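Engineer: Structure file start_17.tsv (TSV, C-alpha atoms) right here:
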```tsv
chain	number	residue	atom	x	y	z
A	1	MET	CA	77.16	267.71	24.01
A	2	ARG	CA	79.31	266.03	21.39
A	3	ALA	CA	82.82	267.42	20.84
A	4	GLN	CA	81.91	268.05	17.18
A	5	ASP	CA	78.99	270.27	18.29
A	6	GLU	CA	81.38	272.23	20.53
A	7	VAL	CA	83.76	272.86	17.62
A	8	THR	CA	80.98	274.25	15.41
A	9	ARG	CA	79.68	276.58	18.18
A	10	GLN	CA	82.94	278.46	18.63
A	11	ALA	CA	83.53	281.91	17.12
A	12	ASP	CA	85.43	282.36	13.87
A	13	PRO	CA	89.17	282.84	14.27
A	14	PRO	CA	90.47	286.39	13.76
A	15	THR	CA	92.57	287.46	10.82
A	16	ASP	CA	96.20	286.43	11.08
A	17	ASP	CA	99.37	287.20	9.12
A	18	VAL	CA	101.48	284.18	8.18
A	19	ARG	CA	104.67	283.55	6.26
A	20	TRP	CA	105.37	280.42	4.18
A	21	GLY	CA	109.01	280.80	3.22
A	22	GLU	CA	109.13	284.07	1.26
A	23	LEU	CA	105.35	284.13	0.69
A	24	GLU	CA	103.57	286.61	3.02
A	25	LEU	CA	99.86	286.00	3.49
A	26	ARG	CA	96.89	287.29	5.45
A	27	VAL	CA	94.45	284.54	6.45
A	28	THR	CA	90.87	284.92	7.65
A	29	GLY	CA	88.56	282.15	8.81
A	30	HIS	CA	84.96	282.00	7.64
A	31	ARG	CA	82.11	279.75	8.75
A	32	SER	CA	80.11	278.41	5.84
A	33	ASP	CA	78.24	275.30	4.76
A	34	GLU	CA	79.28	276.03	1.16
A	35	LEU	CA	82.69	275.89	-0.49
A	36	PRO	CA	84.39	279.27	-0.93
A	37	PRO	CA	83.92	281.47	-4.01
A	38	GLY	CA	87.47	281.11	-5.36
A	39	PRO	CA	90.19	278.53	-5.99
A	40	VAL	CA	90.42	275.86	-3.27
A	41	THR	CA	94.03	274.68	-3.04
A	42	SER	CA	93.71	272.28	-0.11
A	43	ALA	CA	91.34	270.61	2.32
A	44	ARG	CA	91.89	270.27	6.07
A	45	ALA	CA	89.99	268.84	9.01
A	46	ILE	CA	89.57	269.16	12.72
A	47	LEU	CA	89.68	265.44	13.46
A	48	LEU	CA	87.88	264.30	16.61
A	49	HIS	CA	87.93	261.03	18.54
A	50	GLY	CA	85.51	261.25	21.46
A	51	ASP	CA	86.61	264.28	23.48
A	52	GLN	CA	90.05	264.42	21.88
A	53	VAL	CA	91.46	266.38	18.92
A	54	MET	CA	94.14	265.26	16.47
A	55	VAL	CA	97.36	267.23	16.88
A	56	VAL	CA	100.03	267.07	14.16
A	57	CYS	CA	103.66	268.13	14.38
A	58	ASP	CA	105.73	269.00	11.32
A	59	PRO	CA	109.29	270.41	11.21
A	60	THR	CA	108.06	274.00	11.67
A	61	SER	CA	104.90	273.83	13.80
A	62	VAL	CA	102.31	271.99	15.85
A	63	HIS	CA	98.80	272.29	14.41
A	64	VAL	CA	95.28	270.85	14.53
A	65	LEU	CA	94.38	270.95	10.83
A	66	PRO	CA	95.76	267.87	9.08
A	67	GLY	CA	95.16	267.80	5.35
A	68	GLY	CA	96.79	269.08	2.22
A	69	ARG	CA	96.74	270.14	-1.39
A	70	LEU	CA	94.26	268.94	-3.95
A	71	GLU	CA	95.62	266.97	-6.87
A	72	PRO	CA	94.49	267.98	-10.40
A	73	GLY	CA	90.81	267.10	-10.87
A	74	GLU	CA	90.34	266.13	-7.22
A	75	ALA	CA	87.37	267.46	-5.20
A	76	PRO	CA	88.12	268.96	-1.77
A	77	GLU	CA	86.45	266.13	0.16
A	78	GLN	CA	88.38	263.50	-1.84
A	79	ALA	CA	91.65	265.29	-1.06
A	80	LEU	CA	90.62	265.52	2.59
A	81	HIS	CA	90.21	261.74	2.95
A	82	ARG	CA	93.47	261.02	1.12
A	83	GLU	CA	95.59	263.65	2.88
A	84	VAL	CA	94.35	262.94	6.42
A	85	LEU	CA	94.96	259.22	5.89
A	86	GLU	CA	98.50	259.91	4.58
A	87	GLU	CA	99.34	262.29	7.44
A	88	THR	CA	97.66	260.55	10.38
A	89	GLY	CA	96.76	256.99	9.38
A	90	TRP	CA	93.10	257.65	10.21
A	91	HIS	CA	90.03	257.22	8.01
A	92	LEU	CA	87.29	259.84	8.40
A	93	ALA	CA	83.62	259.37	9.23
A	94	ASP	CA	80.99	261.88	8.21
A	95	PRO	CA	83.11	264.95	7.40
A	96	GLU	CA	81.08	268.16	7.48
A	97	LEU	CA	82.19	271.41	5.92
A	98	LEU	CA	82.86	273.85	8.76
A	99	GLY	CA	84.01	276.76	6.58
A	100	TYR	CA	87.18	277.90	4.90
A	101	LEU	CA	90.38	279.83	5.35
A	102	HIS	CA	90.78	282.75	2.93
A	103	PHE	CA	94.41	283.54	2.07
A	104	ARG	CA	95.46	286.84	0.47
A	105	ARG	CA	99.00	287.52	-0.70
A	106	ARG	CA	100.45	290.55	1.13
A	107	GLY	CA	103.46	291.28	-1.03
A	108	PRO	CA	104.99	290.46	-4.39
A	109	GLN	CA	104.99	286.87	-5.58
A	110	PRO	CA	108.37	285.34	-4.64
A	111	ALA	CA	110.35	283.61	-7.38
A	112	GLY	CA	110.84	280.29	-5.58
A	113	GLY	CA	108.81	277.89	-3.48
A	114	TRP	CA	105.15	276.99	-3.77
A	115	GLN	CA	103.23	279.31	-6.09
A	116	PRO	CA	99.56	279.90	-5.24
A	117	PRO	CA	97.20	279.88	-8.24
A	118	ALA	CA	96.08	283.48	-7.60
A	119	PRO	CA	96.69	286.38	-5.20
A	120	GLU	CA	93.72	284.99	-3.22
A	121	PHE	CA	93.01	281.31	-2.58
A	122	TYR	CA	91.19	279.12	-0.08
A	123	GLN	CA	91.50	276.04	2.09
A	124	ALA	CA	88.27	274.13	2.79
A	125	VAL	CA	88.01	273.22	6.48
A	126	TYR	CA	85.94	270.27	7.68
A	127	VAL	CA	85.20	268.68	11.03
A	128	ALA	CA	85.07	264.87	11.19
A	129	GLU	CA	85.14	261.93	13.55
A	130	ALA	CA	88.00	259.45	13.34
A	131	ALA	CA	86.59	256.17	12.04
A	132	ARG	CA	89.32	253.58	11.72
A	133	HIS	CA	93.07	253.65	12.28
A	134	GLU	CA	95.30	252.21	9.57
A	135	PRO	CA	98.86	253.08	10.69
A	136	GLU	CA	100.48	251.50	7.63
A	137	ALA	CA	98.62	254.00	5.39
A	138	ARG	CA	100.58	256.87	6.88
A	139	GLU	CA	103.36	258.11	4.61
A	140	PRO	CA	106.59	256.82	6.13
A	141	ASP	CA	108.69	259.71	4.81
A	142	GLY	CA	105.99	262.38	4.99
A	143	TYR	CA	106.43	265.93	6.20
A	144	GLU	CA	104.67	265.22	9.51
A	145	LEU	CA	106.85	264.04	12.39
A	146	TRP	CA	103.97	262.70	14.48
A	147	ALA	CA	100.18	262.79	14.80
A	148	GLU	CA	98.21	261.90	17.93
A	149	PHE	CA	94.95	262.61	19.70
A	150	LYS	CA	95.08	264.91	22.72
A	151	PRO	CA	92.35	266.04	25.15
A	152	ILE	CA	90.62	269.28	24.14
A	153	ALA	CA	91.78	271.00	27.35
A	154	GLU	CA	95.40	270.18	26.51
A	155	VAL	CA	94.99	271.36	22.90
A	156	ALA	CA	93.62	274.68	24.15
A	157	GLN	CA	96.97	275.26	25.89
A	158	LEU	CA	99.10	274.70	22.76
A	159	PRO	CA	100.77	277.70	21.06
A	160	LEU	CA	98.48	277.57	18.00
A	161	SER	CA	98.11	280.37	15.47
A	162	ASN	CA	94.86	282.34	15.36
A	163	GLY	CA	93.84	280.38	12.26
A	164	GLN	CA	94.13	277.14	14.19
```
Would you mind writing the structure in this file as structure tokens?
Structural biologist:
Amino acid sequence: MRAQDEVTRQADPPTDDVRWGELELRVTGHRSDELPPGPVTSARAILLHGDQVMVVCDPTSVHVLPGGRLEPGEAPEQALHREVLEETGWHLADPELLGYLHFRRRGPQPAGGWQPPAPEFYQAVYVAEAARHEPEAREPDGYELWAEFKPIAEVAQLPLSNGQ
């Protein structure tokens, strides 16, 4: 069985409460082959290379969903290719929509920091194979400290959030 098939067979992650600075959110994962019904703010991917998964470390966490915010007028899959390349240096092959993460604000909108477009918003989540590595495409001063492939068994032992 391909690693990508294994990822798509697993159960949806449970609901989780997260905090981004002063912004308190509840996040729920949904499997779907269609984009979500509301505003998509970013696109992320589970990036596979054989039986390994891309793991990314930023100043606050280790995670398995590289990607980022859409630019004005950009489609989620376009943002996915651009953001994963900037964060990891890898081009994607055959991304497939796996589902989405649904974020709901849990408290008042804080005055500072990133402002979501609505009290509810979404991140499109794809699964893709790594196609070609282009290390010089990675942002040299980006938010990510490192990005590397790790065996699935090792990734399963990481302290990932429920949404991961």
Engineer: Of the residues A:Ala137, A:Leu70, A:Ala128, A:Ala156, which is the one nearest to Pro39 of chain A, using all atoms listed in the file?
Structural biologist: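 Counting all atoms listed in the file, the residue closest to Pro39 of chain A is A:Leu70.
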Engineer: Between A:Ala153, A:Leu35, A:Ile46, A:Ala124, single out the one closest to Leu65 of chain A, counting all atoms listed in the file.
Structural biologist: A:Ile46
Engineer: Please provide as an NGL selection string all residues within 8 Å of segment 76-90 of chain A, with the sequence filter that same-chain residues fewer than 2 positions apart are discarded (counting all atoms listed in the file).
Structural biologist: :A and (40 or 42-45 or 56 or 66-71 or 74 or 92 or 124 or 130-139 or 142 or 144 or 146-148)
Engineer: Create the file for the chosen residues now, containing C-alpha atoms and written as a CSV table (one decimal), in the frame of the given file.
Structural biologist:
```csv
chain,number,residue,atom,x,y,z
A,40,VAL,CA,90.4,275.9,-3.3
A,42,SER,CA,93.7,272.3,-0.1
A,43,ALA,CA,91.3,270.6,2.3
A,44,ARG,CA,91.9,270.3,6.1
A,45,ALA,CA,90.0,268.8,9.0
A,56,VAL,CA,100.0,267.1,14.2
A,66,PRO,CA,95.8,267.9,9.1
A,67,GLY,CA,95.2,267.8,5.4
A,68,GLY,CA,96.8,269.1,2.2
A,69,ARG,CA,96.7,270.1,-1.4
A,70,LEU,CA,94.3,268.9,-4.0
A,71,GLU,CA,95.6,267.0,-6.9
A,74,GLU,CA,90.3,266.1,-7.2
A,92,LEU,CA,87.3,259.8,8.4
A,124,ALA,CA,88.3,274.1,2.8
A,130,ALA,CA,88.0,259.4,13.3
A,131,ALA,CA,86.6,256.2,12.0
A,132,ARG,CA,89.3,253.6,11.7
A,133,HIS,CA,93.1,253.6,12.3
A,134,GLU,CA,95.3,252.2,9.6
A,135,PRO,CA,98.9,253.1,10.7
A,136,GLU,CA,100.5,251.5,7.6
A,137,ALA,CA,98.6,254.0,5.4
A,138,ARG,CA,100.6,256.9,6.9
A,139,GLU,CA,103.4,258.1,4.6
A,142,GLY,CA,106.0,262.4,5.0
A,144,GLU,CA,104.7,265.2,9.5
A,146,TRP,CA,104.0,262.7,14.5
A,147,ALA,CA,100.2,262.8,14.8
A,148,GLU,CA,98.2,261.9,17.9
```
Engineer: For segment 103-108 of chain A, please output as an NGL selection string all residues within 10 Å (counting only C-alpha atoms; exclusion window: fewer than 2 positions along the same chain).
Structural biologist: :A and (15-19 or 22-29 or 100-101 or 110-111 or 116 or 118-123)
Engineer: Which distance in Å separates atom CA of Asp51 of chain A and atom CA of Leu97 of chain A, to one decimal?
Structural biologist: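 Rounded to one decimal, the two atoms are 19.5 Å apart.
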Engineer: Which residue out of A:Val125, A:Val155, A:Leu47, A:Val64 has the minimum interatomic distance to His30 of chain A when only C-alpha atoms are used?
Structural biologist: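 Of A:Val125, A:Val155, A:Leu47, A:Val64, the one nearest His30 of chain A is A:Val125, counting only C-alpha atoms.
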Engineer: When distances are computed from only C-alpha atoms, which of A:Glu129, A:Leu145, A:Pro159, A:Ser32 shows the smallest separation from Gln52 of chain A?
Structural biologist: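 Checking each candidate against Gln52 of chain A, we get A:Glu129 as the closest.
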